Amino acid sequence: MTVILWDVHCSTMGNPRSPIISTSHFVHIFMLILGSRIQHSLGNDFIGNYSNSFLSHVLSRLSSKTTILDLSLNNITELQIEDFKPLRKLRVLKLSYNRIQHLDMNVFRFNQHLEYLDLSHNKLRKISCHHLMNLIHLDISFNEFEALPICEEFANMSRLDFLGLSATRIQKSDLVPIGHLNLSHILLDLERFHGKKGTLEDLPVLNTKTLRIILPLNRAFSVQLNMSVYNLRHFELLNINVDDDKCSIFTDFLSKIINNAKFLNLTLYHIETTWKCLIESLQFLWREPVEYLHIYNLTLVEKINFEPFNYYETSLKGLKIELCTIKVYIFSQTVLYYFFSNMNIKMLTLSSTRMLHMLCPSKPSPFQYLNFANSLFTESLFQDCENLTLLQTLILQKNKFTRLSKISLMTEKMKSLKHLDLSQNSISYEGKKTCNWAESLLVLNLSSNELTDSVFRCLPPRVTVLDLHRNKIRSIPKDMINLESLQELNVASNSLVDLPGCSTFRRLSTLVITYNSVSHPSTHFFDSCQNIKSLQAGDNPFMCTCRLREFSKNIATLSDHVVRGWPHSYQCAFPESYKGTQLKDFRLSPFSCNLVLITVTVLLIGLVLMALTAFLCIHYDLPWYLRMALQWTQTRRRARNISLDQLERTYQFHAFISYSERDSAWVKQELLPNLEHENIKICLHERNFVPGKSIVENIINCIEKSHKSIFILSPNFIQSEWCHYELYFAHHKLFHEGSDNLLLILLEPIPQCSIPTRYHKLKALMAQRTYLEWPKEKSKQVFFWANIRAAFNVKLALVTEDGDI
């Protein structure tokens, strides 16, 4: 590989200080304290939550029934016996994040049922003990003790399960009282630890399943403690800053603690070190009884060069490295890729490391689980790789993959691959490329990508679980491959308009299709999908019409275990009168949804109306009146045409403008200024109509006095009844005079299908005559105005408003 520049900055982990309670009973109690926001009231005397209430002392008059009391995140500085004496039933007390400086356990002598006591994150420097038989959880970590605050009374706390401590120095005698206790969790806060330089403190053997040690932040590793722990299963170490010179001290410290451990889980939080020391530490752990090694928030400094590593037999099953910052800007990629790709372990996670690539193992690999989430991998990963035949799970979410067909080729030689996660990439499918998936692939996650309907032509044929939510799928094509083994399908947050049938998903048992565009789900869905055991189809824009009645009826018969989210997420979106109505409450009368009954009723009403019309026509002789009106109109028109032919035509205006009032802004701001600037006289209804005359008479007079008629066509125009009249009269003038007196300006496009049938003249004019289109671009408007001026390039003998020539 070539040398690259690598600048990686990853977010740090959350606050690691929160203690871990291994007993499930007290995890539940702890969640009650943190999650409950119920204030003390007469209706709830058992839980008192006064966290973050700006208290300077413990509240008086607390209910004697209180069993859980949270006073954390306040300004309490002192505890008194009277504070807790009435609380004889108190079991859980949280006083963390206050300002308490002295603790006399005697204040709890009346609280014999107290099991959980948290005084962490205070300013405690001294503690006076009192025997508390029932105490299970005691946390006094993150305080200002010089020595470990362990009293002789601790030796009799046989129920103690969790113990949190803090100190600036540790002596052998400090831990003697608890050496025989069988604890589940010890939290040791050494953030202020300084110890004796050059002196190895030999501590007594502890007995705990989980040990969590927090070291000083941003200080070079220098802890010299000979600490042995029996029954240790989980060891967590935080704030590790070690360079090449201190690396051996660090591994010696680890060896003392895990010496007696079997099948240990080791977690290292917030570690800053060199590549050489990291390799040296891993080589040490490779030989130790460590099953799972987790490294969170790793920072590499100085340089990255090739370091020899012996991959011989190891107890390690899984290595996880999450959140990484590499402050080495120039190094060879091959050093990293080669080191990790050839590990002889079953599970490897390199998450949020921002790595660009990974080499194919140089020999058959034991990898069964690989997780490269949130990195920069592309389709070049593992192409033509034949040494991952045991790989079962591959996680590649949040990377830079784009081509689905290329990804399928990557899996072709992974003979054991069952689970592939490709979510949150930018994957699309070309639609024509061949897809060659591993035949063993059963679970495929392609969510949050850019896939369309064509993805159903490029899927593993044996897939049983398929996640395609949050893509761009509109429908499931009919020519898709048959997914006979598919059992779970998630297509939520797409654009599907119907529930997919099960003709190609014969074994489908779980379907998630929420947040789509399903308005009229097919009533045949339940007929074709007999094996459905879980359906989530809520949060769709259901159109509550007759077509939905059958679907709503069918879905209501299923149990809540089958139809998830019913009924609150199944609501009508249309029509407006039913919007927000739950489908279970949607009702329509049987008559309104019976097509045959409606058809018969309409036909009967039509026949009755026809009979009534015939009766009225015969009884009142209506045809005679219509015939007389038509003859009167034709006679009036012939007489008027004769009188016009006998007169010499003169005009008062160059043009009459017809437009919708909604388009008046364009007419007054664009058209009028440009025409009148050229001395073209315009007739407008608002300034030239004669008061007292009817609107129709004014329209006819203005058209007659104008050489041309300009019509501003738009969707607004066809909605105006008066524009219809004006067009009618102007068209009449054109027909009889044979003059080119109509000028059509198309302000906005008007689809032919949107023009009402009564505007047949407008349809005919737009089909037969050329019209001018108003261009939106400034550069084209010059030619528009030139065409307008050309239409008026005539000299007319205009009459004045008084009739003078």
# chains A, B, ... in the order shown; residues from 1 in each chain; ligands from 1

call {"tool": "residues_around", "arguments": {"residues": "Gln80 of chain A", "least_positions_apart": "5", "cutoff": "10 Å", "atoms": "only C-alpha atoms", "output": "PyMOL selection string"}}
result
chain A and resi 57-58+85+103-104+106-108

call {"tool": "residues_around", "arguments": {"residues": "Ser709 of chain A", "least_positions_apart": "2", "cutoff": "7 Å", "atoms": "only C-alpha atoms", "output": "list of chain:residue names"}}
result
A:Ala655, A:Phe656, A:Ile657, A:Ile703, A:Ser706, A:Phe711, A:Ala730, A:Asn741, A:Leu742, A:Leu743

call {"tool": "residues_around", "arguments": {"residues": "segment 415-429 of chain A", "least_positions_apart": "6", "cutoff": "7 Å", "atoms": "only C-alpha atoms", "output": "JSON, numbers by chain"}}
result
{"A": [389, 390, 391, 392, 393, 394, 395, 396, 397, 398, 399, 400, 401, 402, 403, 404, 405, 438, 440, 441, 442, 443, 444, 445, 446, 447, 448, 449, 450, 451, 454, 455]}

call {"tool": "select_by_dssp", "arguments": {"residues": "segment 140-226 of chain A", "states": "strand (DSSP E)", "output": "list in words"}}
result
Phe162, Leu163, Gly164, Leu165, Ser166, Leu183, Ser184, His185, Ile186, Leu187, Leu188, Asp189, Glu201, Asp202, Leu206, Asn207, Thr208, Lys209, Thr210, Leu211, Arg212, Ile213, Ile214, Leu225 and Asn226 of chain A

call {"tool": "closest_residue", "arguments": {"among": "A:Ile513, A:Leu148, A:Cys529, A:Cys683", "to": "Gly501 of chain A", "atoms": "only C-alpha atoms"}}
result
A:Cys529

call {"tool": "residues_around", "arguments": {"residues": "Asp663 of chain A", "least_positions_apart": "6", "cutoff": "9 Å", "atoms": "only C-alpha atoms", "output": "PyMOL selection string"}}
result
chain A and resi 712+714+716-717+747
